[in-house]
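Colleague: I am sharing data_1.txt, which consists of compact mmCIF, C-alpha atoms:
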# COMPACT_ATOMS: atom_id res chain seq x y z
CA MET A 1 -131.11 -204.72 47.34
CA THR A 2 -127.73 -206.41 47.58
CA ILE A 3 -126.16 -207.41 44.30
CA THR A 4 -125.67 -211.18 44.06
CA GLN A 5 -122.73 -213.12 42.72
CA ASN A 6 -124.84 -214.31 39.81
CA GLN A 7 -125.69 -210.71 38.96
CA ILE A 8 -122.06 -209.69 39.07
CA HIS A 9 -121.12 -212.58 36.81
CA ALA A 10 -123.88 -211.73 34.35
CA GLU A 11 -122.97 -208.05 34.25
CA VAL A 12 -119.28 -208.77 33.71
CA THR A 13 -120.25 -211.14 30.90
CA ASP A 14 -122.31 -208.35 29.34
CA ILE A 15 -119.31 -206.01 29.17
CA TYR A 16 -116.67 -208.65 28.42
CA ASP A 17 -116.15 -207.33 24.90
CA TYR A 18 -115.63 -203.83 26.33
CA ILE A 19 -112.92 -205.11 28.70
CA VAL A 20 -111.19 -207.09 25.96
CA ALA A 21 -111.24 -204.13 23.57
CA LEU A 22 -109.64 -201.93 26.22
CA ARG A 23 -106.98 -204.52 26.96
CA ARG A 24 -106.10 -204.81 23.28
CA HIS A 25 -105.95 -201.04 22.90
CA PHE A 26 -103.53 -200.74 25.81
CA HIS A 27 -101.51 -203.67 24.49
CA ARG A 28 -101.14 -201.97 21.11
CA HIS A 29 -99.99 -198.73 22.73
CA PRO A 30 -97.54 -199.63 25.54
CA GLU A 31 -95.57 -196.91 27.31
CA PRO A 32 -92.67 -197.18 29.76
CA SER A 33 -92.66 -196.26 33.43
CA LEU A 34 -93.41 -192.59 34.18
CA LYS A 35 -94.10 -191.91 30.50
CA GLU A 36 -97.60 -193.43 30.31
CA PHE A 37 -99.07 -190.20 28.91
CA GLU A 38 -101.37 -191.65 26.22
CA THR A 39 -102.32 -194.52 28.51
CA ILE A 40 -103.49 -192.32 31.35
CA GLN A 41 -105.31 -190.04 28.92
CA ARG A 42 -107.35 -192.98 27.64
CA ILE A 43 -108.03 -194.08 31.22
CA LYS A 44 -109.25 -190.59 32.08
CA GLU A 45 -111.58 -190.61 29.09
CA GLU A 46 -113.11 -193.90 30.22
CA VAL A 47 -113.47 -192.78 33.84
CA GLU A 48 -115.10 -189.53 32.71
CA GLU A 49 -117.47 -191.44 30.43
CA ILE A 50 -118.43 -193.71 33.33
CA GLY A 51 -119.04 -190.61 35.42
CA VAL A 52 -116.70 -191.01 38.37
CA PRO A 53 -114.61 -188.10 39.73
CA TYR A 54 -110.84 -188.43 39.94
CA ILE A 55 -107.73 -186.51 40.86
CA ASN A 56 -104.32 -186.59 39.21
CA VAL A 57 -101.45 -188.26 41.03
CA GLY A 58 -98.11 -187.26 39.61
CA GLU A 59 -97.95 -186.85 35.85
CA THR A 60 -99.33 -190.22 34.83
CA GLY A 61 -101.51 -191.55 37.64
CA ILE A 62 -105.06 -190.94 38.81
CA LEU A 63 -107.17 -191.81 41.82
CA ALA A 64 -110.91 -192.16 41.14
CA THR A 65 -113.40 -192.15 44.00
CA LEU A 66 -116.82 -193.82 44.09
CA THR A 67 -118.88 -192.96 47.18
CA GLY A 68 -121.70 -195.34 48.11
CA GLY A 69 -125.24 -194.03 48.26
CA LYS A 70 -126.03 -195.72 51.57
CA GLY A 71 -123.92 -193.37 53.63
CA SER A 72 -120.55 -193.47 55.33
CA GLY A 73 -118.61 -196.62 55.95
CA LYS A 74 -115.21 -198.16 55.35
CA ALA A 75 -112.92 -197.17 52.47
CA ILE A 76 -111.22 -199.70 50.20
CA LEU A 77 -108.63 -199.10 47.48
CA LEU A 78 -108.48 -201.17 44.28
CA ARG A 79 -105.28 -200.84 42.26
CA ALA A 80 -104.14 -201.42 38.67
CA ASP A 81 -100.63 -200.71 37.39
CA ILE A 82 -100.45 -199.27 33.88
CA ASP A 83 -96.82 -199.25 32.67
CA ALA A 84 -95.19 -201.49 30.06
CA LEU A 85 -91.69 -202.89 29.57
CA PRO A 86 -88.77 -201.88 27.30
CA LEU A 87 -89.07 -205.10 25.31
CA PRO A 88 -90.00 -205.95 21.71
CA ASP A 89 -93.40 -207.57 21.06
CA GLU A 90 -93.03 -210.88 19.22
CA THR A 91 -96.56 -212.22 19.71
CA GLY A 92 -97.49 -211.65 16.08
CA LYS A 93 -101.04 -210.87 17.18
CA PRO A 94 -103.27 -208.25 15.51
CA TYR A 95 -103.10 -206.27 18.75
CA ALA A 96 -99.29 -206.44 18.98
CA SER A 97 -97.43 -203.31 20.06
CA VAL A 98 -97.18 -200.48 17.54
CA ASN A 99 -94.57 -198.74 19.72
CA PRO A 100 -91.22 -200.34 18.72
CA GLY A 101 -89.21 -201.60 21.66
CA PHE A 102 -92.09 -201.53 24.15
CA ASN A 103 -94.43 -204.31 25.18
CA HIS A 104 -97.09 -205.01 27.80
CA ALA A 105 -95.30 -208.24 28.59
CA CYS A 106 -96.34 -208.37 32.24
CA GLY A 107 -100.11 -208.07 31.94
CA HIS A 108 -100.59 -204.51 33.12
CA ASP A 109 -102.79 -203.85 30.08
CA GLY A 110 -105.13 -206.51 31.45
CA HIS A 111 -104.97 -205.11 34.97
CA THR A 112 -106.04 -201.70 33.69
CA ALA A 113 -108.84 -203.03 31.49
CA SER A 114 -110.20 -205.27 34.25
CA LEU A 115 -110.30 -202.48 36.81
CA LEU A 116 -112.03 -200.15 34.35
CA GLY A 117 -114.62 -202.87 33.79
CA ALA A 118 -115.08 -203.21 37.55
CA LEU A 119 -115.46 -199.45 37.89
CA LYS A 120 -118.11 -199.39 35.18
CA ILE A 121 -120.23 -202.01 36.95
CA LEU A 122 -119.70 -200.66 40.46
CA LYS A 123 -120.85 -197.24 39.29
CA GLU A 124 -124.16 -198.81 38.25
CA HIS A 125 -124.58 -200.12 41.80
CA GLN A 126 -123.38 -197.01 43.61
CA ASP A 127 -126.64 -196.64 45.55
CA GLU A 128 -126.45 -200.19 46.91
CA PHE A 129 -123.46 -199.93 49.24
CA ALA A 130 -122.16 -197.77 52.07
CA GLY A 131 -118.60 -196.53 52.18
CA THR A 132 -116.07 -195.59 49.55
CA ILE A 133 -114.21 -197.41 46.79
CA GLN A 134 -111.11 -195.78 45.39
CA PHE A 135 -109.48 -196.84 42.14
CA ALA A 136 -105.73 -196.27 41.76
CA PHE A 137 -104.46 -196.34 38.19
CA GLN A 138 -100.80 -196.34 39.02
CA PRO A 139 -97.71 -195.76 36.87
CA ALA A 140 -94.18 -197.08 37.22
CA GLU A 141 -94.66 -200.42 38.98
CA GLU A 142 -91.83 -201.89 36.92
CA ILE A 143 -89.31 -199.50 38.46
CA GLY A 144 -90.84 -199.42 41.93
CA GLY A 145 -91.70 -195.76 41.60
CA GLY A 146 -95.47 -195.61 41.26
CA ALA A 147 -97.14 -196.77 44.45
CA ARG A 148 -95.00 -194.43 46.52
CA GLN A 149 -96.45 -191.46 44.61
CA PHE A 150 -99.84 -192.38 46.06
CA VAL A 151 -98.52 -193.28 49.51
CA ARG A 152 -95.99 -190.51 50.12
CA GLY A 153 -98.33 -187.95 48.61
CA GLY A 154 -100.91 -188.78 51.29
CA TYR A 155 -103.53 -189.68 48.68
CA ILE A 156 -104.60 -192.86 50.49
CA ASP A 157 -104.25 -191.79 54.11
CA GLY A 158 -107.95 -192.43 54.77
CA ILE A 159 -107.97 -195.93 53.32
CA ASP A 160 -108.98 -198.83 55.59
CA HIS A 161 -108.19 -201.68 53.21
CA VAL A 162 -106.34 -202.36 49.94
CA PHE A 163 -106.83 -204.96 47.24
CA GLY A 164 -104.85 -205.79 44.11
CA ILE A 165 -104.76 -208.35 41.34
CA HIS A 166 -101.96 -209.58 39.08
CA LEU A 167 -102.58 -211.79 36.06
CA GLN A 168 -100.39 -214.90 36.09
CA SER A 169 -99.29 -216.93 33.07
CA GLY A 170 -98.00 -219.71 35.31
CA THR A 171 -101.54 -220.48 36.52
CA GLN A 172 -104.35 -222.01 34.49
CA VAL A 173 -107.21 -219.74 33.47
CA GLY A 174 -110.15 -220.33 35.78
CA LYS A 175 -107.98 -220.45 38.89
CA ILE A 176 -107.32 -217.75 41.50
CA VAL A 177 -104.38 -217.57 43.89
CA ALA A 178 -104.96 -216.12 47.38
CA THR A 179 -102.19 -216.97 49.83
CA PRO A 180 -102.06 -215.72 53.44
CA GLY A 181 -98.78 -214.23 54.62
CA PRO A 182 -95.66 -213.42 52.57
CA SER A 183 -96.22 -213.53 48.83
CA ASN A 184 -93.51 -211.51 47.09
CA ALA A 185 -90.04 -210.51 48.18
CA SER A 186 -88.71 -207.06 48.84
CA CYS A 187 -86.42 -205.53 46.24
CA ASP A 188 -83.42 -203.37 47.02
CA ILE A 189 -81.01 -202.41 44.24
CA PHE A 190 -77.60 -201.47 45.58
CA LYS A 191 -74.52 -199.99 43.96
CA ILE A 192 -70.99 -200.12 45.33
CA LYS A 193 -68.38 -197.88 43.75
CA VAL A 194 -64.82 -198.89 44.56
CA PHE A 195 -62.04 -196.31 44.34
CA GLY A 196 -58.38 -197.27 44.03
CA LYS A 197 -55.27 -195.89 42.33
CA SER A 198 -54.03 -196.55 38.81
CA GLU A 199 -50.54 -197.88 38.14
CA HIS A 200 -48.75 -200.03 35.60
CA VAL A 201 -49.47 -203.72 36.22
CA SER A 202 -45.74 -204.35 36.53
CA ARG A 203 -45.76 -202.31 39.79
CA PRO A 204 -48.89 -203.42 41.63
CA ASP A 205 -47.33 -202.36 44.92
CA LEU A 206 -47.59 -198.73 43.83
CA GLY A 207 -51.24 -198.97 42.91
CA ARG A 208 -54.45 -199.83 44.70
CA ASP A 209 -56.37 -202.33 42.63
CA ALA A 210 -60.10 -201.51 42.55
CA LEU A 211 -60.76 -204.54 40.37
CA VAL A 212 -59.30 -207.05 42.81
CA SER A 213 -61.02 -205.26 45.68
CA ALA A 214 -64.38 -205.38 43.91
CA ALA A 215 -63.95 -209.05 43.06
CA ALA A 216 -63.23 -209.80 46.71
CA ILE A 217 -66.30 -207.84 47.79
CA VAL A 218 -68.51 -209.82 45.36
CA THR A 219 -67.15 -213.10 46.68
CA GLU A 220 -67.46 -212.13 50.33
CA LEU A 221 -71.07 -210.91 49.93
CA GLN A 222 -72.05 -214.50 49.19
CA THR A 223 -71.29 -215.39 52.81
CA ILE A 224 -74.22 -213.30 54.07
CA VAL A 225 -76.83 -215.91 53.17
CA ALA A 226 -74.57 -218.76 54.25
CA ARG A 227 -73.29 -217.33 57.52
CA GLU A 228 -75.26 -214.28 58.72
CA VAL A 229 -78.89 -215.20 58.08
CA SER A 230 -80.94 -217.93 59.72
CA PRO A 231 -81.33 -220.97 57.47
CA ILE A 232 -85.09 -220.64 57.99
CA ASP A 233 -85.16 -217.22 56.31
CA GLU A 234 -85.29 -217.05 52.52
CA VAL A 235 -82.85 -214.47 51.19
CA VAL A 236 -81.18 -213.61 47.89
CA VAL A 237 -78.07 -211.46 47.61
CA GLY A 238 -77.48 -211.33 43.87
CA ILE A 239 -74.79 -209.51 41.89
CA GLY A 240 -75.65 -208.69 38.29
CA VAL A 241 -72.93 -206.21 37.33
CA LEU A 242 -69.18 -205.88 37.92
CA ARG A 243 -67.40 -203.25 35.85
CA ALA A 244 -63.70 -202.42 36.14
CA GLY A 245 -60.61 -201.54 34.19
CA THR A 246 -59.65 -199.72 31.00
CA ASN A 247 -56.73 -201.73 29.62
CA TYR A 248 -54.91 -205.01 30.19
CA ASN A 249 -51.79 -203.39 31.59
CA ILE A 250 -53.34 -200.76 33.86
CA ILE A 251 -54.35 -201.39 37.45
CA ALA A 252 -57.99 -200.32 37.68
CA ASN A 253 -58.60 -197.21 39.73
CA GLU A 254 -62.38 -197.65 39.79
CA ALA A 255 -64.87 -200.49 39.82
CA GLU A 256 -68.63 -200.68 40.14
CA ILE A 257 -70.82 -203.42 41.55
CA GLU A 258 -74.61 -203.59 41.11
CA GLY A 259 -76.75 -206.10 42.90
CA THR A 260 -80.04 -206.79 44.65
CA VAL A 261 -81.29 -208.01 48.02
CA ARG A 262 -84.57 -209.94 48.21
CA THR A 263 -86.24 -210.98 51.48
CA PHE A 264 -89.70 -211.72 52.89
CA SER A 265 -89.26 -209.88 56.19
CA HIS A 266 -88.79 -206.22 57.07
CA GLU A 267 -86.37 -207.17 59.85
CA VAL A 268 -84.27 -209.54 57.73
CA ARG A 269 -84.21 -206.98 54.93
CA ALA A 270 -82.65 -204.38 57.24
CA GLN A 271 -80.18 -206.94 58.60
CA VAL A 272 -78.98 -208.01 55.15
CA LEU A 273 -78.63 -204.48 53.80
CA GLU A 274 -76.51 -203.55 56.82
CA ALA A 275 -74.33 -206.60 56.18
CA VAL A 276 -73.84 -205.74 52.51
CA GLU A 277 -72.55 -202.26 53.32
CA ARG A 278 -70.45 -203.41 56.28
CA ILE A 279 -68.75 -206.21 54.36
CA ALA A 280 -68.10 -203.95 51.37
CA GLN A 281 -66.50 -201.33 53.62
CA ASN A 282 -64.29 -203.81 55.47
CA VAL A 283 -63.15 -205.81 52.44
CA SER A 284 -62.39 -202.60 50.58
CA ALA A 285 -60.28 -201.33 53.48
CA ALA A 286 -58.35 -204.59 53.50
CA HIS A 287 -57.38 -203.89 49.88
CA ARG A 288 -56.42 -200.26 50.61
CA THR A 289 -59.38 -198.98 48.58
CA THR A 290 -62.48 -197.01 49.50
CA ILE A 291 -66.13 -197.34 48.54
CA ALA A 292 -69.32 -195.35 48.08
CA PHE A 293 -72.47 -197.35 48.85
CA SER A 294 -75.98 -196.46 47.68
CA ASN A 295 -79.27 -198.33 47.70
CA TYR A 296 -82.57 -197.89 45.87
CA ASP A 297 -85.59 -199.08 47.81
CA ALA A 298 -87.69 -200.51 44.97
CA ALA A 299 -90.27 -202.45 47.01
CA ALA A 300 -90.95 -203.71 50.51
CA PRO A 301 -91.80 -207.38 51.12
CA LEU A 302 -95.39 -208.04 50.07
CA ILE A 303 -97.12 -209.66 53.03
CA ASN A 304 -100.82 -210.46 52.73
CA ASP A 305 -102.94 -209.86 55.81
CA ILE A 306 -104.25 -213.20 57.10
CA GLN A 307 -107.87 -212.05 57.51
CA ALA A 308 -107.85 -210.34 54.13
CA ALA A 309 -106.45 -213.42 52.41
CA ASN A 310 -109.10 -215.62 54.01
CA HIS A 311 -111.74 -213.12 52.90
CA ALA A 312 -110.33 -213.32 49.36
CA ILE A 313 -110.42 -217.11 49.47
CA ARG A 314 -114.13 -217.05 50.32
CA VAL A 315 -114.91 -214.52 47.59
CA ALA A 316 -112.80 -216.36 45.01
CA SER A 317 -114.51 -219.65 45.89
CA ASP A 318 -117.86 -218.10 45.04
CA ILE A 319 -116.50 -217.07 41.64
CA VAL A 320 -114.52 -220.12 40.46
CA GLY A 321 -115.30 -222.79 43.05
CA SER A 322 -113.18 -223.68 46.06
CA GLU A 323 -111.41 -226.41 44.09
CA ASN A 324 -109.98 -223.72 41.80
CA VAL A 325 -108.64 -221.45 44.55
CA ILE A 326 -104.94 -221.91 45.33
CA THR A 327 -104.17 -221.00 48.93
CA ASP A 328 -100.60 -222.26 49.29
CA SER A 329 -98.77 -220.82 46.29
CA PRO A 330 -94.97 -220.77 46.73
CA LYS A 331 -93.51 -217.38 47.57
CA SER A 332 -91.91 -215.44 44.72
CA MET A 333 -88.58 -213.63 44.81
CA GLY A 334 -90.09 -211.24 42.28
CA ALA A 335 -91.14 -207.92 43.82
CA ASP A 336 -94.22 -205.74 43.39
CA ASP A 337 -94.71 -202.24 44.74
CA PHE A 338 -98.26 -203.08 45.84
CA ALA A 339 -96.35 -203.79 49.03
CA ASP A 340 -96.18 -200.02 49.59
CA TYR A 341 -99.98 -199.92 49.92
CA LEU A 342 -99.89 -202.84 52.35
CA ALA A 343 -97.54 -200.81 54.52
CA VAL A 344 -100.36 -198.26 54.93
CA ALA A 345 -103.40 -200.51 55.29
CA PRO A 346 -104.12 -204.24 55.56
CA GLY A 347 -105.13 -206.05 52.42
CA VAL A 348 -104.30 -208.82 49.98
CA TYR A 349 -102.74 -209.29 46.56
CA CYS A 350 -104.32 -212.04 44.47
CA PHE A 351 -103.28 -213.69 41.22
CA VAL A 352 -105.63 -214.67 38.40
CA GLY A 353 -104.61 -217.43 36.00
CA THR A 354 -104.37 -216.65 32.28
CA GLN A 355 -102.76 -219.77 30.84
CA SER A 356 -104.70 -222.08 28.52
CA GLY A 357 -102.12 -223.39 26.09
CA GLU A 358 -98.69 -222.88 24.58
CA GLU A 359 -99.31 -219.32 23.39
CA THR A 360 -100.32 -218.17 26.89
CA ALA A 361 -97.67 -220.12 28.80
CA TYR A 362 -94.74 -217.76 28.20
CA GLY A 363 -93.40 -216.21 31.37
CA HIS A 364 -93.89 -212.59 32.32
CA HIS A 365 -91.30 -210.26 30.73
CA HIS A 366 -90.96 -212.60 27.72
CA GLU A 367 -91.28 -211.15 24.20
CA LYS A 368 -94.12 -213.56 23.40
CA PHE A 369 -96.04 -213.11 26.65
CA ASP A 370 -99.80 -213.16 26.07
CA ILE A 371 -102.92 -214.05 28.03
CA ASP A 372 -106.13 -216.00 27.68
CA GLU A 373 -108.49 -213.04 27.87
CA LYS A 374 -111.11 -215.05 29.75
CA GLY A 375 -108.96 -214.27 32.79
CA LEU A 376 -109.91 -210.59 32.40
CA ALA A 377 -113.53 -211.34 33.24
CA ILE A 378 -112.49 -213.27 36.34
CA ALA A 379 -110.24 -210.40 37.44
CA ALA A 380 -113.04 -207.84 37.00
CA GLU A 381 -115.49 -210.04 38.88
CA LEU A 382 -112.99 -210.53 41.70
CA HIS A 383 -112.44 -206.77 42.06
CA ILE A 384 -116.19 -206.14 42.27
CA SER A 385 -117.03 -209.02 44.57
CA TYR A 386 -114.15 -208.45 46.97
CA ALA A 387 -114.87 -204.73 47.33
CA LEU A 388 -118.59 -205.16 47.92
CA ALA A 389 -118.10 -208.06 50.31
CA TYR A 390 -115.61 -206.03 52.33
CA LEU A 391 -117.82 -202.93 52.48
CA ASN A 392 -120.87 -204.96 53.47
CA ASP A 393 -119.01 -206.90 56.16
CA PRO A 394 -115.71 -205.16 57.03
CA PHE A 395 -113.28 -206.85 59.37
Before we go any further, please render this structure as structure tokens.
Modeller:
Amino acid sequence: MTITQNQIHAEVTDIYDYIVALRRHFHRHPEPSLKEFETIQRIKEEVEEIGVPYINVGETGILATLTGGKGSGKAILLRADIDALPLPDETGKPYASVNPGFNHACGHDGHTASLLGALKILKEHQDEFAGTIQFAFQPAEEIGGGARQFVRGGYIDGIDHVFGIHLQSGTQVGKIVATPGPSNASCDIFKIKVFGKSEHVSRPDLGRDALVSAAAIVTELQTIVAREVSPIDEVVVGIGVLRAGTNYNIIANEAEIEGTVRTFSHEVRAQVLEAVERIAQNVSAAHRTTIAFSNYDAAAPLINDIQAANHAIRVASDIVGSENVITDSPKSMGADDFADYLAVAPGVYCFVGTQSGEETAYGHHHEKFDIDEKGLAIAAELHISYALAYLNDPF
């Protein structure tokens, strides 16, 4: 017997309080990236209680595997990120953070609770599908360090398809976003150290001014978007930090620049990063200084597979009605390391609305960020329905 959408909805409704309780527990006990020790322990306890085997991934991640009772078939991965932010919690809610300085202000508590709810229901229907569903409870999304533990460790090499959900305070509860093509930008975090030579400011000719050199580099980097990239491509080259100097009358012998590149294309990303390093080298040389360039690859561009996105649109329409499915959401310059999974297998990243009033309208990473918890039920239902629909009719 194939489980129907009405059955899924009814079963999610039955365990709604369970999902909400989990979300509030995780919200009260947030932990930063790569230090989610209590969080992953609670997740393990729930997975063990449900009765699904898992393996550890790194220190604070797990991969649970549910094998269908109808034999072999395709394999799909469902993912939830579990880390919190270094941010105070100013919601004033009974479930506010008890860990000072940390806050689940991006919704990862809800992602984790929703996926655990989906796992609980899918386990009950294990004998009704063929294939495999894997559940990645992943640390360190906020620093772009979690998904690569799963990918580079080879833990998902046999996966045919990937699916992820992010709660979204900018979208009304009851709506689902499924957009084909590029969704989120890549994120590279670069540092440029500039080395000069100290001297008294009254004899600038004897020194090599790292401050002036760094300032020129910052200015010149702004020409990349204006002069080196096609106007059709959407690119950000942003500088957030410029440090230099020790005193008003000393020519700076060192300076440091920190910035980020965001793009929606693998090819444009490579082009822009090359330009950043080249321009920094050449401008520095013009000022008789030298540089050291380094880059941290935080996330690739997140590009939804067209077929997968259309599949998600059909599934989402069955859950909330086609009029409540957003298929043309504007691209975001914010990054998400779910893109690392999409580099291994086709799939789609959907967004589930959680806004229903002023208290749930604060943006992600805001001290007062909170959600309408009805969105948790929709997220759990979407996980279940998408996975089963894919396994029953893979593409």
Colleague: Would you mind listing what lies within 12 Å of Ser317 in chain A as a list in words, with all atoms listed in the file counted and same-chain residues fewer than 2 positions away left out?
Modeller: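 Using all atoms listed in the file, the neighbours found are Gln5, Gly174, Lys175, Ile176, Val177, Ala178, Asn310, His311, Ala312, Ile313, Arg314, Val315, Ile319, Val320, Gly321, Ser322, Glu323, Asn324, Val325, Ile326, Thr327, Ile378, Glu381, Leu382, Ser385 and Tyr386 of chain A.
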Colleague: In Å, rounded to a single decimal, give me how far CA of Leu167 in chain A is from CA of Ala130 in chain A.
Modeller: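 Between CA of Ala130 in chain A and CA of Leu167 in chain A the gap works out to 28.9 Å.
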Colleague: With distances taken over all atoms listed in the file, which residue among A:Gln41, A:Thr289, A:Thr223, A:Gln172 lies nearest Val276 in chain A?
Modeller: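 Answer, going by the shortest atom-to-atom distance: A:Thr223.
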Colleague: Could you check which of A:Glu90, A:Asp160, A:Glu258, A:Asp297 is closest to Pro394 in chain A, using only C-alpha atoms?
Modeller: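 Among A:Glu90, A:Asp160, A:Glu258, A:Asp297, it is A:Asp160 that comes nearest to Pro394 in chain A.
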Colleague: I'd like the neighbourhood of Thr132 in chain A as a list in words, where a residue qualifies if any of its atoms comes within 9 Å (using all atoms listed in the file), though same-chain residues fewer than 5 positions away should be ignored.
Modeller: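 The filter keeps Thr65, Leu66, Thr67, Gly68, Ser72, Gly73, Lys74, Ala75, Ile76, Leu77, Ile159 and Leu391 of chain A.
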Colleague: Rank A:Ser213, A:Asn56, A:Asn99, A:Ser265 by their smallest atom-to-atom distance to Ile303 in chain A, using all atoms listed in the file, and report the top residue only.
Modeller: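 Checking each of A:Ser213, A:Asn56, A:Asn99, A:Ser265 against Ile303 in chain A, counting all atoms listed in the file, the winner is A:Ser265.
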Colleague: Find the residue from A:Lys70, A:His104, A:Lys368, A:Lys44 that sits nearest to Thr91 in chain A; use all atoms listed in the file when measuring.
Modeller: A:Lys368
Colleague: Taking all atoms of range 129-138 of chain A that the file lists, what box with edges along x, y and z, padded by 5 Å per side, do you get, with centre and edge lengths in Å to one decimal, as lines of an AutoDock Vina configuration file?
Modeller:
center_x = -112.1
center_y = -197.8
center_z = 45.2
size_x = 32.7
size_y = 14.3
size_z = 24.0
Colleague: From the set A:Arg262, A:Arg208, A:Lys35, A:His111, which residue has the shortest atom-to-atom contact distance to Glu373 in chain A, counting only C-alpha atoms?
Modeller: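 Smallest distance to Glu373 in chain A is found for A:His111.
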Colleague: Between A:Met333, A:Ile165, A:Ala316, A:Ile291, which one has atoms that come closest to Val235 in chain A, using all atoms listed in the file?
Modeller: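 Smallest separation from Val235 in chain A among the options: A:Met333.
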Colleague: To one decimal place, how far is CA of Ser186 in chain A from CA of Glu254 in chain A in Å?
Modeller: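 One can read the CA of Ser186 in chain A to CA of Glu254 in chain A distance as 29.4 Å.
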Colleague: I'd like the interatomic distance between CA of Asp336 in chain A and CA of Ile50 in chain A, to a tenth of an Å.
Modeller: 28.8 Å
Colleague: May I have a table of the residues of range 66-116 of chain A lying at most 10 Å from range 21-34 of chain A, giving each one's closest pair of atoms and their distance in Å to one decimal, counting all atoms listed in the file, ordered by chain and ascending residue number, as CSV?
Modeller:
residue,atom,partner,partner_atom,distance
A:Asp81,CA,A:Ser33,CA,10.0
A:Ile82,CA,A:Ser33,CA,8.4
A:Asp83,CA,A:Ser33,CA,5.2
A:Ala84,CA,A:Pro32,CA,5.0
A:Leu85,CA,A:Pro32,CA,5.8
A:Pro86,CA,A:Pro32,CA,6.6
A:Leu87,CA,A:Pro32,CA,9.8
A:Asp89,CA,A:Arg28,CA,9.6
A:Lys93,CA,A:Arg28,CA,9.7
A:Pro94,CA,A:Arg28,CA,8.7
A:Tyr95,CA,A:Arg28,CA,5.3
A:Ala96,CA,A:Arg28,CA,5.3
A:Ser97,CA,A:Arg28,CA,4.1
A:Val98,CA,A:Arg28,CA,5.5
A:Asn99,CA,A:His29,CA,6.2
A:Pro100,CA,A:Pro30,CA,9.3
A:Gly101,CA,A:Pro30,CA,9.4
A:Phe102,CA,A:Pro30,CA,5.9
A:Asn103,CA,A:Pro30,CA,5.6
A:His104,CA,A:His27,CA,5.7
A:Ala105,CA,A:His27,CA,8.7
A:Gly107,CA,A:His27,CA,8.8
A:His108,CA,A:His27,CA,8.7
A:Asp109,CA,A:Arg23,CA,5.3
A:Gly110,CA,A:Arg23,CA,5.2
A:His111,CA,A:Arg23,CA,8.3
A:Thr112,CA,A:Arg23,CA,7.4
A:Ala113,CA,A:Arg23,CA,5.1
A:Ser114,CA,A:Arg23,CA,8.0
A:Leu116,CA,A:Leu22,CA,8.7
Colleague: Determine, counting all atoms listed in the file, which protein, DNA and RNA residues have an atom within 9 Å of an atom of Tyr16 in chain A; residues of the same chain fewer than 5 positions away are not included. Present the result as a ChimeraX atom specification.
Modeller: /A:11,21,117,374,376-377
Colleague: If you count only C-alpha atoms, which residues fall within 12 Å of Glu128 in chain A, apart from same-chain ones fewer than 5 positions away, as a ChimeraX atom specification?
Modeller: /A:1-4,66-71,121-123,388-389,391-392
